[in-house]
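Chemist: Structure file final.cif, mmCIF, N, CA and C atoms, is pasted below:
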data_coords
loop_
_atom_site.label_atom_id
_atom_site.label_comp_id
_atom_site.auth_asym_id
_atom_site.auth_seq_id
_atom_site.Cartn_x
_atom_site.Cartn_y
_atom_site.Cartn_z
N THR A 1 181.02 33.78 25.99
CA THR A 1 181.56 32.73 25.15
C THR A 1 183.07 32.87 25.13
N LYS A 2 183.76 31.74 25.14
CA LYS A 2 185.21 31.78 25.21
C LYS A 2 185.81 30.86 24.16
N LEU A 3 187.03 31.19 23.72
CA LEU A 3 187.77 30.30 22.84
C LEU A 3 188.37 29.18 23.67
N SER A 4 189.19 28.36 23.05
CA SER A 4 189.77 27.21 23.73
C SER A 4 190.58 27.62 24.96
N ASN A 5 190.99 26.63 25.71
CA ASN A 5 191.76 26.88 26.92
C ASN A 5 193.07 27.60 26.65
N ARG A 6 193.56 27.55 25.40
CA ARG A 6 194.80 28.24 25.07
C ARG A 6 194.68 29.73 25.34
N SER A 7 193.61 30.36 24.89
CA SER A 7 193.51 31.80 25.04
C SER A 7 192.46 32.23 26.06
N ARG A 8 191.41 31.46 26.23
CA ARG A 8 190.33 31.78 27.17
C ARG A 8 189.86 33.22 27.03
N GLN A 9 189.81 33.70 25.80
CA GLN A 9 189.44 35.08 25.54
C GLN A 9 187.92 35.20 25.43
N ARG A 10 187.34 36.14 26.17
CA ARG A 10 185.90 36.37 26.09
C ARG A 10 185.63 37.13 24.80
N LEU A 11 184.75 36.59 23.98
CA LEU A 11 184.41 37.23 22.72
C LEU A 11 183.27 38.22 22.89
N PHE A 12 182.27 37.85 23.67
CA PHE A 12 181.16 38.75 23.94
C PHE A 12 180.41 38.28 25.16
N ARG A 13 179.53 39.14 25.66
CA ARG A 13 178.75 38.85 26.84
C ARG A 13 177.28 39.12 26.51
N LEU A 14 176.41 38.24 26.95
CA LEU A 14 174.97 38.42 26.79
C LEU A 14 174.35 38.56 28.17
N ARG A 15 173.39 39.44 28.29
CA ARG A 15 172.67 39.61 29.55
C ARG A 15 171.19 39.34 29.28
N PHE A 16 170.59 38.50 30.11
CA PHE A 16 169.19 38.14 29.99
C PHE A 16 168.45 38.59 31.23
N GLN A 17 167.18 38.93 31.06
CA GLN A 17 166.32 39.25 32.20
C GLN A 17 165.19 38.24 32.21
N ALA A 18 164.97 37.61 33.35
CA ALA A 18 163.95 36.57 33.47
C ALA A 18 162.55 37.16 33.36
N ILE A 19 161.68 36.46 32.64
CA ILE A 19 160.28 36.84 32.58
C ILE A 19 159.41 35.80 33.28
N ARG A 20 160.04 34.67 33.66
CA ARG A 20 159.38 33.69 34.51
C ARG A 20 160.42 32.94 35.32
N LYS A 21 159.98 32.22 36.33
CA LYS A 21 160.90 31.52 37.23
C LYS A 21 161.63 30.41 36.50
N GLY A 22 162.86 30.20 36.92
CA GLY A 22 163.69 29.14 36.34
C GLY A 22 165.13 29.60 36.27
N ARG A 23 166.01 28.67 35.94
CA ARG A 23 167.43 29.00 35.82
C ARG A 23 167.81 29.01 34.35
N LEU A 24 168.50 30.06 33.93
CA LEU A 24 168.89 30.21 32.54
C LEU A 24 169.76 29.04 32.10
N LYS A 25 170.66 28.57 32.96
CA LYS A 25 171.54 27.47 32.56
C LYS A 25 170.77 26.18 32.32
N ASP A 26 169.54 26.07 32.84
CA ASP A 26 168.70 24.90 32.56
C ASP A 26 167.94 25.06 31.24
N ALA A 27 167.85 26.28 30.74
CA ALA A 27 167.06 26.54 29.54
C ALA A 27 167.90 26.83 28.30
N LEU A 28 169.18 27.11 28.46
CA LEU A 28 170.02 27.53 27.35
C LEU A 28 171.26 26.65 27.27
N SER A 29 171.57 26.18 26.05
CA SER A 29 172.76 25.36 25.87
C SER A 29 173.27 25.52 24.44
N LEU A 30 174.48 25.07 24.21
CA LEU A 30 175.07 25.06 22.87
C LEU A 30 174.90 23.68 22.26
N SER A 31 174.71 23.65 20.95
CA SER A 31 174.53 22.38 20.27
C SER A 31 175.13 22.48 18.88
N SER A 32 175.58 21.36 18.35
CA SER A 32 176.07 21.30 16.97
C SER A 32 175.04 20.64 16.06
N ASN A 33 173.78 20.59 16.48
CA ASN A 33 172.74 19.96 15.67
C ASN A 33 172.54 20.65 14.33
N MET A 34 172.51 21.97 14.30
CA MET A 34 172.26 22.72 13.06
C MET A 34 173.57 23.18 12.41
N ILE A 35 174.42 23.81 13.19
CA ILE A 35 175.73 24.23 12.71
C ILE A 35 176.75 23.87 13.78
N LYS A 36 177.98 23.70 13.36
CA LYS A 36 179.02 23.30 14.30
C LYS A 36 179.27 24.40 15.32
N ALA A 37 179.30 24.05 16.60
CA ALA A 37 179.56 24.99 17.69
C ALA A 37 181.07 25.10 17.86
N GLU A 38 181.68 26.03 17.12
CA GLU A 38 183.12 26.24 17.20
C GLU A 38 183.45 27.69 16.93
N ALA A 39 184.63 28.10 17.34
CA ALA A 39 185.07 29.48 17.18
C ALA A 39 186.38 29.49 16.40
N TYR A 40 186.66 30.62 15.77
CA TYR A 40 187.88 30.77 14.97
C TYR A 40 188.61 32.01 15.43
N ASP A 41 189.92 31.90 15.62
CA ASP A 41 190.69 33.08 15.98
C ASP A 41 191.17 33.80 14.72
N SER A 42 191.93 34.86 14.88
CA SER A 42 192.36 35.68 13.74
C SER A 42 193.32 34.94 12.81
N HIS A 43 193.85 33.79 13.26
CA HIS A 43 194.77 33.00 12.43
C HIS A 43 194.06 31.82 11.77
N GLY A 44 192.75 31.72 11.97
CA GLY A 44 191.98 30.63 11.38
C GLY A 44 191.99 29.35 12.19
N ASN A 45 192.58 29.38 13.39
CA ASN A 45 192.59 28.20 14.25
C ASN A 45 191.19 27.97 14.81
N VAL A 46 190.80 26.71 14.87
CA VAL A 46 189.47 26.33 15.36
C VAL A 46 189.57 25.97 16.83
N GLY A 47 188.58 26.41 17.60
CA GLY A 47 188.52 26.07 19.01
C GLY A 47 187.09 25.89 19.45
N PRO A 48 186.89 25.17 20.55
CA PRO A 48 185.52 24.98 21.05
C PRO A 48 185.01 26.26 21.70
N ILE A 49 183.71 26.36 21.85
CA ILE A 49 183.12 27.48 22.57
C ILE A 49 182.38 26.92 23.78
N GLU A 50 182.23 27.75 24.77
CA GLU A 50 181.51 27.33 25.97
C GLU A 50 180.67 28.49 26.49
N LEU A 51 179.63 28.15 27.19
CA LEU A 51 178.80 29.15 27.87
C LEU A 51 179.17 29.13 29.34
N THR A 52 179.31 30.31 29.91
CA THR A 52 179.46 30.41 31.36
C THR A 52 178.33 31.29 31.86
N PHE A 53 177.86 30.99 33.05
CA PHE A 53 176.72 31.71 33.61
C PHE A 53 177.13 32.40 34.88
N GLU A 54 176.73 33.66 35.02
CA GLU A 54 176.97 34.43 36.23
C GLU A 54 175.63 34.91 36.76
N ASP A 55 175.40 34.72 38.03
CA ASP A 55 174.18 35.23 38.64
C ASP A 55 174.34 36.72 38.87
N SER A 56 173.31 37.48 38.58
CA SER A 56 173.35 38.91 38.83
C SER A 56 173.28 39.17 40.32
N VAL A 57 173.92 40.23 40.76
CA VAL A 57 173.86 40.59 42.18
C VAL A 57 172.65 41.46 42.48
N PHE A 58 171.90 41.85 41.47
CA PHE A 58 170.77 42.73 41.70
C PHE A 58 169.70 42.02 42.51
N ARG A 59 169.27 42.64 43.59
CA ARG A 59 168.29 42.04 44.48
C ARG A 59 166.89 42.60 44.26
N GLU A 60 166.78 43.76 43.64
CA GLU A 60 165.47 44.38 43.46
C GLU A 60 165.38 44.96 42.05
N ALA A 61 164.17 44.96 41.52
CA ALA A 61 163.97 45.46 40.16
C ALA A 61 164.32 46.94 40.05
N LEU A 62 163.80 47.75 40.95
CA LEU A 62 164.13 49.17 40.99
C LEU A 62 164.64 49.52 42.38
N PRO A 63 165.90 49.89 42.48
CA PRO A 63 166.47 50.17 43.80
C PRO A 63 165.77 51.33 44.50
N THR A 64 165.71 51.25 45.82
CA THR A 64 165.12 52.33 46.61
C THR A 64 166.19 53.22 47.21
N THR A 65 167.46 52.78 47.16
CA THR A 65 168.60 53.58 47.59
C THR A 65 169.73 53.38 46.58
N ILE A 66 170.72 54.25 46.61
CA ILE A 66 171.89 54.09 45.74
C ILE A 66 172.66 52.88 46.22
N LYS A 67 173.03 52.01 45.28
CA LYS A 67 173.78 50.81 45.64
C LYS A 67 174.97 50.66 44.71
N LEU A 68 176.11 50.35 45.28
CA LEU A 68 177.31 50.02 44.53
C LEU A 68 177.76 48.66 45.02
N TYR A 69 177.78 47.68 44.11
CA TYR A 69 178.13 46.32 44.48
C TYR A 69 179.62 46.08 44.28
N GLN A 70 180.14 45.09 44.97
CA GLN A 70 181.54 44.70 44.81
C GLN A 70 181.75 44.20 43.38
N ASN A 71 182.85 44.63 42.76
CA ASN A 71 183.12 44.16 41.41
C ASN A 71 183.27 42.64 41.41
N ARG A 72 182.93 42.03 40.27
CA ARG A 72 183.01 40.57 40.15
C ARG A 72 183.66 40.22 38.83
N PRO A 73 184.61 39.31 38.82
CA PRO A 73 185.26 38.73 39.98
C PRO A 73 186.23 39.72 40.61
N ASN A 74 186.59 39.44 41.84
CA ASN A 74 187.57 40.25 42.56
C ASN A 74 188.36 39.31 43.45
N PRO A 75 189.65 39.17 43.25
CA PRO A 75 190.48 39.83 42.24
C PRO A 75 190.17 39.32 40.83
N PHE A 76 190.61 40.09 39.82
CA PHE A 76 190.40 39.68 38.44
C PHE A 76 191.69 39.81 37.66
N ASN A 77 191.76 39.06 36.53
CA ASN A 77 192.96 39.15 35.70
C ASN A 77 192.65 39.39 34.23
N GLN A 78 191.39 39.36 33.83
CA GLN A 78 191.03 39.66 32.43
C GLN A 78 190.05 40.81 32.34
N ALA A 79 188.95 40.68 33.04
CA ALA A 79 187.92 41.72 33.03
C ALA A 79 187.10 41.60 34.30
N THR A 80 186.43 42.69 34.65
CA THR A 80 185.57 42.67 35.82
C THR A 80 184.31 43.47 35.53
N THR A 81 183.29 43.22 36.30
CA THR A 81 182.00 43.89 36.16
C THR A 81 181.70 44.66 37.43
N ILE A 82 181.31 45.92 37.26
CA ILE A 82 180.89 46.74 38.39
C ILE A 82 179.41 47.05 38.17
N GLU A 83 178.57 46.61 39.11
CA GLU A 83 177.14 46.83 39.00
C GLU A 83 176.71 47.84 40.07
N PHE A 84 175.74 48.68 39.71
CA PHE A 84 175.22 49.64 40.66
C PHE A 84 173.75 49.92 40.36
N GLY A 85 173.04 50.40 41.38
CA GLY A 85 171.62 50.69 41.24
C GLY A 85 171.32 52.12 41.64
N LEU A 86 170.44 52.75 40.87
CA LEU A 86 170.05 54.15 41.13
C LEU A 86 168.55 54.23 41.39
N PRO A 87 168.13 54.86 42.48
CA PRO A 87 166.70 55.00 42.77
C PRO A 87 166.04 56.13 41.98
N TYR A 88 166.85 56.90 41.25
CA TYR A 88 166.34 58.03 40.49
C TYR A 88 167.29 58.31 39.33
N ALA A 89 166.81 58.97 38.31
CA ALA A 89 167.65 59.36 37.18
C ALA A 89 168.54 60.52 37.61
N GLY A 90 169.72 60.63 37.01
CA GLY A 90 170.59 61.75 37.35
C GLY A 90 171.99 61.59 36.80
N THR A 91 172.81 62.55 37.14
CA THR A 91 174.21 62.55 36.72
C THR A 91 175.00 61.61 37.61
N VAL A 92 175.79 60.75 36.97
CA VAL A 92 176.57 59.75 37.69
C VAL A 92 178.02 59.83 37.21
N THR A 93 178.95 59.70 38.15
CA THR A 93 180.38 59.63 37.83
C THR A 93 180.94 58.37 38.48
N LEU A 94 181.68 57.59 37.70
CA LEU A 94 182.38 56.43 38.22
C LEU A 94 183.86 56.69 38.03
N ILE A 95 184.62 56.68 39.14
CA ILE A 95 186.04 56.99 39.11
C ILE A 95 186.83 55.77 39.60
N VAL A 96 187.93 55.47 38.92
CA VAL A 96 188.84 54.41 39.34
C VAL A 96 190.20 55.05 39.59
N TRP A 97 190.82 54.76 40.76
CA TRP A 97 192.15 55.28 41.02
C TRP A 97 192.99 54.18 41.67
N ASN A 98 194.32 54.35 41.57
CA ASN A 98 195.23 53.34 42.11
C ASN A 98 195.53 53.62 43.58
N ALA A 99 196.33 52.75 44.19
CA ALA A 99 196.63 52.87 45.62
C ALA A 99 197.42 54.13 45.95
N SER A 100 198.06 54.75 44.95
CA SER A 100 198.80 56.00 45.16
C SER A 100 197.90 57.22 45.05
N GLY A 101 196.63 57.01 44.74
CA GLY A 101 195.69 58.12 44.61
C GLY A 101 195.61 58.71 43.22
N GLU A 102 196.32 58.12 42.26
CA GLU A 102 196.31 58.61 40.87
C GLU A 102 195.04 58.14 40.16
N GLU A 103 194.30 59.09 39.62
CA GLU A 103 193.08 58.73 38.89
C GLU A 103 193.45 58.01 37.60
N ILE A 104 192.82 56.84 37.40
CA ILE A 104 193.12 56.01 36.24
C ILE A 104 192.02 56.12 35.18
N ARG A 105 190.80 56.23 35.62
CA ARG A 105 189.67 56.24 34.70
C ARG A 105 188.53 57.02 35.30
N ARG A 106 187.79 57.77 34.47
CA ARG A 106 186.61 58.52 34.92
C ARG A 106 185.55 58.41 33.84
N MET A 107 184.36 58.04 34.24
CA MET A 107 183.22 57.95 33.33
C MET A 107 182.09 58.81 33.90
N ASN A 108 181.51 59.64 33.07
CA ASN A 108 180.39 60.50 33.47
C ASN A 108 179.20 60.19 32.58
N GLY A 109 178.01 60.35 33.12
CA GLY A 109 176.84 60.15 32.28
C GLY A 109 175.55 60.49 32.98
N GLN A 110 174.52 60.70 32.18
CA GLN A 110 173.15 60.87 32.65
C GLN A 110 172.51 59.50 32.56
N LEU A 111 172.12 58.92 33.68
CA LEU A 111 171.55 57.58 33.68
C LEU A 111 170.14 57.58 34.23
N GLU A 112 169.35 56.66 33.74
CA GLU A 112 167.98 56.49 34.20
C GLU A 112 167.95 55.74 35.52
N ARG A 113 166.83 55.79 36.18
CA ARG A 113 166.61 55.01 37.39
C ARG A 113 166.73 53.54 37.03
N GLY A 114 167.33 52.75 37.92
CA GLY A 114 167.42 51.31 37.67
C GLY A 114 168.81 50.78 37.91
N ASN A 115 169.06 49.59 37.40
CA ASN A 115 170.32 48.89 37.59
C ASN A 115 171.21 49.07 36.37
N HIS A 116 172.49 49.26 36.62
CA HIS A 116 173.45 49.53 35.54
C HIS A 116 174.70 48.69 35.75
N THR A 117 175.41 48.45 34.66
CA THR A 117 176.63 47.65 34.69
C THR A 117 177.73 48.35 33.93
N PHE A 118 178.94 48.33 34.49
CA PHE A 118 180.11 48.87 33.82
C PHE A 118 181.13 47.74 33.72
N PHE A 119 181.71 47.54 32.53
CA PHE A 119 182.71 46.50 32.30
C PHE A 119 184.08 47.15 32.21
N LEU A 120 185.03 46.59 32.91
CA LEU A 120 186.39 47.11 32.92
C LEU A 120 187.33 46.00 32.46
N GLU A 121 188.09 46.26 31.40
CA GLU A 121 189.02 45.28 30.85
C GLU A 121 190.38 45.40 31.51
N ARG A 122 191.09 44.30 31.63
CA ARG A 122 192.40 44.25 32.28
C ARG A 122 193.42 45.13 31.57
N ASP A 123 193.35 45.23 30.26
CA ASP A 123 194.35 46.00 29.52
C ASP A 123 194.34 47.48 29.90
N GLN A 124 193.34 47.91 30.64
CA GLN A 124 193.26 49.29 31.09
C GLN A 124 193.94 49.51 32.44
N LEU A 125 194.32 48.42 33.11
CA LEU A 125 194.87 48.52 34.47
C LEU A 125 196.04 47.56 34.66
N PRO A 126 197.19 48.05 35.12
CA PRO A 126 198.26 47.12 35.49
C PRO A 126 197.93 46.43 36.81
N ARG A 127 198.67 45.38 37.14
CA ARG A 127 198.46 44.64 38.38
C ARG A 127 198.53 45.57 39.59
N GLY A 128 197.65 45.37 40.57
CA GLY A 128 197.69 46.19 41.77
C GLY A 128 196.35 46.33 42.46
N ILE A 129 196.32 47.20 43.44
CA ILE A 129 195.10 47.49 44.21
C ILE A 129 194.52 48.80 43.70
N TYR A 130 193.21 48.81 43.51
CA TYR A 130 192.51 49.98 42.99
C TYR A 130 191.27 50.23 43.84
N TYR A 131 190.76 51.44 43.71
CA TYR A 131 189.51 51.82 44.35
C TYR A 131 188.60 52.36 43.26
N TYR A 132 187.32 52.15 43.43
CA TYR A 132 186.36 52.74 42.49
C TYR A 132 185.24 53.38 43.31
N GLN A 133 184.76 54.50 42.78
CA GLN A 133 183.76 55.28 43.50
C GLN A 133 182.63 55.67 42.57
N LEU A 134 181.42 55.49 43.05
CA LEU A 134 180.22 55.93 42.36
C LEU A 134 179.78 57.23 43.02
N LYS A 135 179.68 58.30 42.23
CA LYS A 135 179.25 59.60 42.77
C LYS A 135 177.97 60.03 42.08
N THR A 136 177.02 60.49 42.90
CA THR A 136 175.81 61.13 42.39
C THR A 136 175.66 62.45 43.13
N GLU A 137 174.60 63.18 42.85
CA GLU A 137 174.37 64.45 43.55
C GLU A 137 174.08 64.22 45.02
N GLN A 138 173.60 63.02 45.38
CA GLN A 138 173.21 62.74 46.75
C GLN A 138 174.21 61.91 47.55
N ALA A 139 175.11 61.18 46.89
CA ALA A 139 175.98 60.27 47.63
C ALA A 139 177.25 59.94 46.87
N ALA A 140 178.22 59.39 47.60
CA ALA A 140 179.45 58.85 47.02
C ALA A 140 179.76 57.56 47.77
N ILE A 141 179.93 56.46 47.03
CA ILE A 141 180.21 55.16 47.62
C ILE A 141 181.49 54.63 47.00
N THR A 142 182.38 54.10 47.84
CA THR A 142 183.68 53.63 47.37
C THR A 142 183.87 52.16 47.70
N LYS A 143 184.49 51.42 46.78
CA LYS A 143 184.84 50.00 46.98
C LYS A 143 186.28 49.79 46.53
N LYS A 144 186.85 48.65 46.91
CA LYS A 144 188.23 48.30 46.59
C LYS A 144 188.23 47.08 45.66
N MET A 145 189.17 47.06 44.71
CA MET A 145 189.30 45.88 43.83
C MET A 145 190.77 45.59 43.61
N VAL A 146 191.06 44.37 43.20
CA VAL A 146 192.42 43.91 43.00
C VAL A 146 192.57 43.36 41.58
N VAL A 147 193.63 43.82 40.89
CA VAL A 147 193.98 43.27 39.58
C VAL A 147 195.14 42.32 39.81
N ALA A 148 194.96 41.05 39.44
CA ALA A 148 195.98 40.03 39.65
C ALA A 148 196.64 39.67 38.32
N ASP A 149 197.68 38.85 38.41
CA ASP A 149 198.34 38.34 37.19
C ASP A 149 197.53 37.26 36.56
#
Please render this file's structure as structure tokens.

Modeler:
Amino acid sequence: TKLSNRSRQRLFRLRFQAIRKGRLKDALSLSSNMIKAEAYDSHGNVGPIELTFEDSVFREALPTTIKLYQNRPNPFNQATTIEFGLPYAGTVTLIVWNASGEEIRRMNGQLERGNHTFFLERDQLPRGIYYYQLKTEQAAITKKMVVAD
């Protein structure tokens, strides 16, 4: 959901998993029938809200190999999503570094088998070229991303 075109700030993100065939954008919409569909910023200004839909890149329910997908969008200027799949539970490290090789961010965790998503906000990265790497006990996969103005 986003505020008006003035700020285009994402307020929150919802993720749905299909339980039957169909497109979410055909089944879900905003309406002012019950309550007004509008958003308010910290100054009390009123703005419209909108839904945007992104298709998941996940191709399989449970991955059979380690997968690291290209961040989306790429390049990005507000936020980006990094999705990855694990065929088994285990220790995972996601590292982001700049073109000079300086580590910018490191996340560690014990994750279950399945598909996972990491969100990265623009305020954590200045404009430039970055690399991100998913490391497990069995593999390390690296991708490139661009932060734009």

Chemist: For the atom pair CA of Met145 (chain A) and atom N of Thr93 (chain A), what is the interatomic distance in Å to one decimal place?

Modeler: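 Between CA of Met145 (chain A) and atom N of Thr93 (chain A) the gap works out to 18.2 Å.
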
Chemist: Smallest atom-to-atom distance to Asn115 (chain A): which of A:Gly101, A:Gly85, A:Gln78, A:Ala27, using all atoms listed in the file?

Modeler: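 Ranked by minimum distance to Asn115 (chain A), first place goes to A:Gly85.
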
Chemist: Using only N, CA and C atoms for the distances, tell me which of A:Tyr69, A:Val96, A:Leu51, A:Tyr88 is nearest to Leu30 (chain A).

Modeler: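 Ranked by minimum distance to Leu30 (chain A), first place goes to A:Leu51.
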
Chemist: Would you pick out the contacts of region 121-128 of chain A at 5 Å or less, using only N, CA and C atoms, so that residues sharing its chain but fewer than 5 positions from it are not included, and give the list as number ranges by chain?

Modeler: A: 78-79, 146-147

Chemist: At what distance in Å, to one decimal, does atom C of Asn77 (chain A) lie from atom N of Gly109 (chain A)?

Modeler: 25.6 Å

Chemist: From the options A:Gln138, A:Asn45, A:Thr81, A:Thr91, which residue's atoms come nearest to Thr117 (chain A), counting only N, CA and C atoms?

Modeler: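 Once distances to Thr117 (chain A) are computed over only N, CA and C atoms, the minimum belongs to A:Thr81.
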
Chemist: Run the PyMOL selection byres (((chain A and resi 37 and name CA) around 12) and name CA) mentally over the shown coordinates, then write out the matched residues as a list in words, using the chain letters and numbers from the document.

Modeler: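 Evaluating the PyMOL selection byres (((chain A and resi 37 and name CA) around 12) and name CA) on these coordinates yields Thr1, Lys2, Leu3, Ser29, Leu30, Ser31, Ser32, Asn33, Met34, Ile35, Lys36, Glu38, Ala39, Tyr40, Val46, Gly47, Pro48, Ile49, Glu50 and Leu51 of chain A.
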
Chemist: From the DSSP assignment of the backbone, select every residue of region 17-139 of chain A that is strand (DSSP E or B), and format the answer as a PyMOL selection string.

Modeler: chain A and resi 38-40+46-48+50+67-68+72+76+79-86+90-98+103-111+114-121+128-135

Chemist: Quick one, how far is CA of Tyr131 (chain A) from CA of Leu62 (chain A)?

Modeler: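 These atoms are spaced 25.7 Å apart.
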
Chemist: Run the PyMOL selection byres ((chain A and resi 111) around 7) against the file shown and list the residues it catches, as a compact mmCIF listing (two decimals) with N, CA and C atoms, in the frame of the given file.

Modeler:
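part04.txt, freshly written:
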# COMPACT_ATOMS: atom_id res chain seq x y z
N TYR A 88 166.85 56.90 41.25
CA TYR A 88 166.34 58.03 40.49
C TYR A 88 167.29 58.31 39.33
N ALA A 89 166.81 58.97 38.31
CA ALA A 89 167.65 59.36 37.18
C ALA A 89 168.54 60.52 37.61
N GLY A 90 169.72 60.63 37.01
CA GLY A 90 170.59 61.75 37.35
C GLY A 90 171.99 61.59 36.80
N THR A 91 172.81 62.55 37.14
CA THR A 91 174.21 62.55 36.72
C THR A 91 175.00 61.61 37.61
N VAL A 92 175.79 60.75 36.97
CA VAL A 92 176.57 59.75 37.69
C VAL A 92 178.02 59.83 37.21
N GLY A 109 178.01 60.35 33.12
CA GLY A 109 176.84 60.15 32.28
C GLY A 109 175.55 60.49 32.98
N GLN A 110 174.52 60.70 32.18
CA GLN A 110 173.15 60.87 32.65
C GLN A 110 172.51 59.50 32.56
N GLU A 112 169.35 56.66 33.74
CA GLU A 112 167.98 56.49 34.20
C GLU A 112 167.95 55.74 35.52
N ARG A 113 166.83 55.79 36.18
CA ARG A 113 166.61 55.01 37.39
C ARG A 113 166.73 53.54 37.03
N GLY A 114 167.33 52.75 37.92
CA GLY A 114 167.42 51.31 37.67
C GLY A 114 168.81 50.78 37.91

Chemist: Measuring atom to atom with only C-alpha atoms, identify which of A:Pro87, A:Pro63, A:Gly44, A:Pro75 is nearest to Ala148 (chain A).

Modeler: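 Checking each candidate against Ala148 (chain A), we get A:Pro75 as the closest.
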
Chemist: I'd like to know which of A:Asn108, A:Lys135, A:Glu102, A:Ile66 is closest to Leu86 (chain A), using all atoms listed in the file.

Modeler: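 Comparing A:Asn108, A:Lys135, A:Glu102, A:Ile66 against Leu86 (chain A), the winner is A:Ile66.
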
Chemist: Check the smallest atom-to-atom distance from each of A:Ile129, A:Phe119, A:Lys25, A:Glu137 to Ser100 (chain A) using only N, CA and C atoms, then report the winner.

Modeler: A:Ile129
